[in-house]
Amino acid sequence: MDRSPKILVFDSGLGGLTVFRALLRQRPDAEFLYAADDLGFPYGPKSEAEVVSLVMSAMEKLIAENAPDCVVIACNTASTLLLPHLRARWPQTPFVGTVPAIKPAAELSQSRMISILATPGTAARDYTLDLIEKFAGHCDVALVGSKNLAGLAEGFFHGEAISEEQVAAEIAPCFVEKNGRRTDSIVLACTHYPLLLEIFDRIAPWPLRWIDPAPAIARRMDHVLSARFPAGRTNGRSFSFHFTSGATPTPKLLTTLELLRRDDRKSTEVDRAAM
């Protein structure tokens, strides 16, 4: 096709912007719509049935109004719970999910001690446990479900002051020492968490690898689109932002979104392993 692909990026809040940045770098020619489900945020404390209902309701309207060529679910909780529902409801629409990057973490770990920093819902999901069994059976795995970290990250992105002591308390269980070994890789299994990466680095008790799946998600999106929309066939890109509540983005958020849109720098993500 000669037109640009239309890509819908969906998350419970603003954490998916960490994925969106990688998508922009991968397909600078695309037309993007970012939808933040502020009506449902946060998903973590809600039951599985509530999350399914919220996301399916939001997606009905978004797909009907925008007819995207691809939908990226930039949320671990929604992806691990809803991808089968979404693909069954819209079989002609490609969906790219976000799942914990356990495979690359296990492959890259030298100490064979990894941690998975997730929301309580993602930590408890059978999907996550199956990934650990499949890809990290040779590792000691600490599965950490943080109750407050996504909310802290959302507030931080909106410019709120947050306590580093509170952040440290949330991530402390990720750092494990055992028989002369210690954790050397932490999977960021919530797209909100990379928003706090500078703080994580500063307060970590020792240097290690933080694994963000965003670059791998962008590569997967590009693969899904490449047959119908070869990269580089069109010039320019467009971007719009939408809250499911209909709220208007604040001036600060609009400024941040514009900076993201213009960000053409290469990714600094340390993880280059394919998922």
# chains A, B, ... in the order shown; residues from 1 in each chain; ligands from 1

call {"tool": "residues_around", "arguments": {"residues": "Gln110 in chain A", "least_positions_apart": "2", "cutoff": "12 Å", "atoms": "only C-alpha atoms", "output": "number ranges by chain"}}
result
A: 104-108, 112-114, 138-140, 181-185, 208-209

call {"tool": "select_by_dssp", "arguments": {"residues": "range 3-168 of chain A", "states": "strand (DSSP E or B)", "output": "VMD selection string"}}
result
chain A and resid 6 to 11 31 to 36 70 to 73 95 to 96 113 to 118 140 to 145

call {"tool": "closest_residue", "arguments": {"among": "A:Ala142, A:Leu54, A:Ala36, A:Ile203", "to": "Asp11 in chain A", "atoms": "only C-alpha atoms"}}
result
A:Ala36

call {"tool": "closest_atom_pairs", "arguments": {"of": "range 40-125 of chain A", "to": "range 221-240 of chain A", "cutoff": "12 Å", "atoms": "only C-alpha atoms", "output": "Markdown table"}}
result
| residue | atom | partner | partner_atom | distance |
| --- | --- | --- | --- | --- |
| A:Asn66 | CA | A:Ser240 | CA | 11.3 |
| A:Pro68 | CA | A:Leu225 | CA | 11.4 |
| A:Asp69 | CA | A:Leu225 | CA | 7.9 |
| A:Cys70 | CA | A:Leu225 | CA | 7.4 |
| A:Val71 | CA | A:Met221 | CA | 8.7 |
| A:Val72 | CA | A:Met221 | CA | 7.5 |
| A:Ile73 | CA | A:Met221 | CA | 10.7 |
| A:Ala74 | CA | A:Met221 | CA | 11.4 |
| A:Thr93 | CA | A:Val224 | CA | 10.4 |
| A:Pro94 | CA | A:Val224 | CA | 7.2 |
| A:Phe95 | CA | A:Met221 | CA | 8.6 |
| A:Val96 | CA | A:Met221 | CA | 6.3 |
| A:Gly97 | CA | A:Met221 | CA | 9.3 |
| A:Thr98 | CA | A:Met221 | CA | 10.9 |

call {"tool": "write_last_selection", "arguments": {"atoms": "all heavy atoms", "output": "mmCIF file, in the first residue's frame"}}
result
data_model
loop_
_atom_site.group_PDB
_atom_site.id
_atom_site.type_symbol
_atom_site.label_atom_id
_atom_site.label_comp_id
_atom_site.auth_asym_id
_atom_site.auth_seq_id
_atom_site.Cartn_x
_atom_site.Cartn_y
_atom_site.Cartn_z
ATOM 1 N N ASN A 66 -11.488 4.352 14.494
ATOM 2 C CA ASN A 66 -10.174 4.616 13.892
ATOM 3 C C ASN A 66 -9.718 3.581 12.872
ATOM 4 O O ASN A 66 -8.784 3.851 12.112
ATOM 5 C CB ASN A 66 -9.126 4.723 15.001
ATOM 6 C CG ASN A 66 -9.401 5.871 15.950
ATOM 7 O OD1 ASN A 66 -9.130 7.025 15.635
ATOM 8 N ND2 ASN A 66 -9.961 5.567 17.116
ATOM 9 N N PRO A 68 -7.746 0.834 12.859
ATOM 10 C CA PRO A 68 -6.282 0.719 12.793
ATOM 11 C C PRO A 68 -5.829 -0.492 11.983
ATOM 12 O O PRO A 68 -6.544 -1.497 11.895
ATOM 13 C CB PRO A 68 -5.885 0.566 14.263
ATOM 14 C CG PRO A 68 -7.081 -0.064 14.905
ATOM 15 C CD PRO A 68 -8.261 0.532 14.212
ATOM 16 N N ASP A 69 -4.641 -0.382 11.406
ATOM 17 C CA ASP A 69 -4.040 -1.506 10.674
ATOM 18 C C ASP A 69 -3.340 -2.463 11.636
ATOM 19 O O ASP A 69 -3.074 -3.609 11.289
ATOM 20 C CB ASP A 69 -3.044 -0.982 9.646
ATOM 21 C CG ASP A 69 -3.714 -0.101 8.611
ATOM 22 O OD1 ASP A 69 -4.607 -0.597 7.901
ATOM 23 O OD2 ASP A 69 -3.350 1.092 8.526
ATOM 24 N N CYS A 70 -3.023 -1.983 12.832
ATOM 25 C CA CYS A 70 -2.376 -2.804 13.857
ATOM 26 C C CYS A 70 -2.669 -2.172 15.204
ATOM 27 O O CYS A 70 -2.727 -0.935 15.314
ATOM 28 C CB CYS A 70 -0.867 -2.867 13.603
ATOM 29 S SG CYS A 70 0.079 -3.806 14.829
ATOM 30 N N VAL A 71 -2.867 -3.018 16.213
ATOM 31 C CA VAL A 71 -3.074 -2.527 17.577
ATOM 32 C C VAL A 71 -1.956 -3.067 18.452
ATOM 33 O O VAL A 71 -1.720 -4.283 18.494
ATOM 34 C CB VAL A 71 -4.432 -2.973 18.148
ATOM 35 C CG1 VAL A 71 -4.593 -2.462 19.582
ATOM 36 C CG2 VAL A 71 -5.578 -2.486 17.270
ATOM 37 N N VAL A 72 -1.254 -2.175 19.140
ATOM 38 C CA VAL A 72 -0.214 -2.571 20.088
ATOM 39 C C VAL A 72 -0.775 -2.381 21.490
ATOM 40 O O VAL A 72 -1.123 -1.265 21.889
ATOM 41 C CB VAL A 72 1.066 -1.734 19.911
ATOM 42 C CG1 VAL A 72 2.099 -2.126 20.966
ATOM 43 C CG2 VAL A 72 1.643 -1.921 18.513
ATOM 44 N N ILE A 73 -0.891 -3.479 22.230
ATOM 45 C CA ILE A 73 -1.341 -3.411 23.619
ATOM 46 C C ILE A 73 -0.098 -3.206 24.476
ATOM 47 O O ILE A 73 0.625 -4.146 24.795
ATOM 48 C CB ILE A 73 -2.086 -4.689 24.036
ATOM 49 C CG1 ILE A 73 -3.236 -4.977 23.062
ATOM 50 C CG2 ILE A 73 -2.605 -4.557 25.467
ATOM 51 C CD1 ILE A 73 -4.309 -3.902 23.027
ATOM 52 N N ALA A 74 0.154 -1.944 24.833
ATOM 53 C CA ALA A 74 1.383 -1.570 25.536
ATOM 54 C C ALA A 74 1.188 -1.689 27.040
ATOM 55 O O ALA A 74 1.500 -0.772 27.806
ATOM 56 C CB ALA A 74 1.803 -0.160 25.149
ATOM 57 N N THR A 93 -7.743 -7.930 12.500
ATOM 58 C CA THR A 93 -6.850 -6.883 13.004
ATOM 59 C C THR A 93 -5.666 -7.506 13.729
ATOM 60 O O THR A 93 -5.863 -8.262 14.682
ATOM 61 C CB THR A 93 -7.594 -5.948 13.973
ATOM 62 O OG1 THR A 93 -8.715 -5.362 13.309
ATOM 63 C CG2 THR A 93 -6.673 -4.836 14.485
ATOM 64 N N PRO A 94 -4.446 -7.209 13.315
ATOM 65 C CA PRO A 94 -3.283 -7.743 14.049
ATOM 66 C C PRO A 94 -3.126 -7.058 15.414
ATOM 67 O O PRO A 94 -3.189 -5.831 15.500
ATOM 68 C CB PRO A 94 -2.089 -7.413 13.137
ATOM 69 C CG PRO A 94 -2.666 -6.990 11.828
ATOM 70 C CD PRO A 94 -4.031 -6.459 12.111
ATOM 71 N N PHE A 95 -2.928 -7.867 16.439
ATOM 72 C CA PHE A 95 -2.662 -7.349 17.782
ATOM 73 C C PHE A 95 -1.257 -7.775 18.203
ATOM 74 O O PHE A 95 -0.896 -8.946 18.094
ATOM 75 C CB PHE A 95 -3.673 -7.898 18.790
ATOM 76 C CG PHE A 95 -5.049 -7.300 18.669
ATOM 77 C CD1 PHE A 95 -5.975 -7.840 17.788
ATOM 78 C CD2 PHE A 95 -5.403 -6.191 19.422
ATOM 79 C CE1 PHE A 95 -7.247 -7.290 17.668
ATOM 80 C CE2 PHE A 95 -6.665 -5.637 19.307
ATOM 81 C CZ PHE A 95 -7.598 -6.189 18.429
ATOM 82 N N VAL A 96 -0.484 -6.814 18.680
ATOM 83 C CA VAL A 96 0.854 -7.076 19.207
ATOM 84 C C VAL A 96 0.810 -6.791 20.698
ATOM 85 O O VAL A 96 0.454 -5.684 21.120
ATOM 86 C CB VAL A 96 1.918 -6.196 18.516
ATOM 87 C CG1 VAL A 96 3.287 -6.411 19.161
ATOM 88 C CG2 VAL A 96 1.970 -6.490 17.029
ATOM 89 N N GLY A 97 1.156 -7.784 21.498
ATOM 90 C CA GLY A 97 1.072 -7.640 22.934
ATOM 91 C C GLY A 97 2.399 -7.327 23.595
ATOM 92 O O GLY A 97 3.462 -7.315 22.952
ATOM 93 N N THR A 98 2.327 -7.076 24.882
ATOM 94 C CA THR A 98 3.499 -6.815 25.717
ATOM 95 C C THR A 98 3.522 -7.864 26.816
ATOM 96 O O THR A 98 2.607 -7.913 27.638
ATOM 97 C CB THR A 98 3.416 -5.415 26.352
ATOM 98 O OG1 THR A 98 3.305 -4.433 25.331
ATOM 99 C CG2 THR A 98 4.651 -5.130 27.191
#

call {"tool": "closest_residue", "arguments": {"among": "A:Asn179, A:Ser245, A:Ser163, A:Ser47", "to": "Ser111 in chain A", "atoms": "only C-alpha atoms"}}
result
A:Asn179

call {"tool": "select_by_dssp", "arguments": {"residues": "range 87-253 of chain A", "states": "alpha helix (DSSP H)", "output": "NGL selection string"}}
result
:A and (87-89 or 102-108 or 120-124 or 126-135 or 149-157 or 164-171 or 197-203 or 214-226 or 251-253)

call {"tool": "residues_around", "arguments": {"residues": "Phe157 in chain A", "least_positions_apart": "2", "cutoff": "9 Å", "atoms": "only C-alpha atoms", "output": "PDB file with C-alpha atoms, in the first residue's frame"}}
result
ATOM      1  CA  LEU A  14       0.944   6.731  30.318  1.00  0.00           C
ATOM      2  CA  GLY A  15       3.365   3.853  30.878  1.00  0.00           C
ATOM      3  CA  LEU A 152       4.108   6.276  41.475  1.00  0.00           C
ATOM      4  CA  ALA A 153       5.389   6.198  37.887  1.00  0.00           C
ATOM      5  CA  GLU A 154       2.153   7.711  36.553  1.00  0.00           C
ATOM      6  CA  GLY A 155       2.356  10.510  39.088  1.00  0.00           C
ATOM      7  CA  GLY A 159       5.299  16.027  37.386  1.00  0.00           C
ATOM      8  CA  GLU A 160       4.423  14.960  40.920  1.00  0.00           C
ATOM      9  CA  LEU A 195       9.538   5.903  33.431  1.00  0.00           C
ATOM     10  CA  LEU A 196      11.443   5.526  36.718  1.00  0.00           C
ATOM     11  CA  LEU A 253       1.722  16.301  28.932  1.00  0.00           C
TER      12      LEU A 253
END

call {"tool": "residues_around", "arguments": {"residues": "Thr122 in chain A", "least_positions_apart": "2", "cutoff": "10 Å", "atoms": "only C-alpha atoms", "output": "ChimeraX atom specification"}}
result
/A:44,75-81,99-100,116-120,124-129,143-146,189-190

call {"tool": "closest_residue", "arguments": {"among": "A:Ile63, A:Ala101, A:Ala35, A:Ala247", "to": "Ala216 in chain A", "atoms": "only C-alpha atoms"}}
result
A:Ala101

call {"tool": "residues_around", "arguments": {"residues": "His85 in chain A", "least_positions_apart": "5", "cutoff": "9 Å", "atoms": "only C-alpha atoms", "output": "list in words"}}
result
Val52, Met56 and Trp90 of chain A

call {"tool": "atom_distance", "arguments": {"atom1": "CA of Lys147 in chain A", "atom2": "CA of Asp201 in chain A"}}
result
20.2 Å
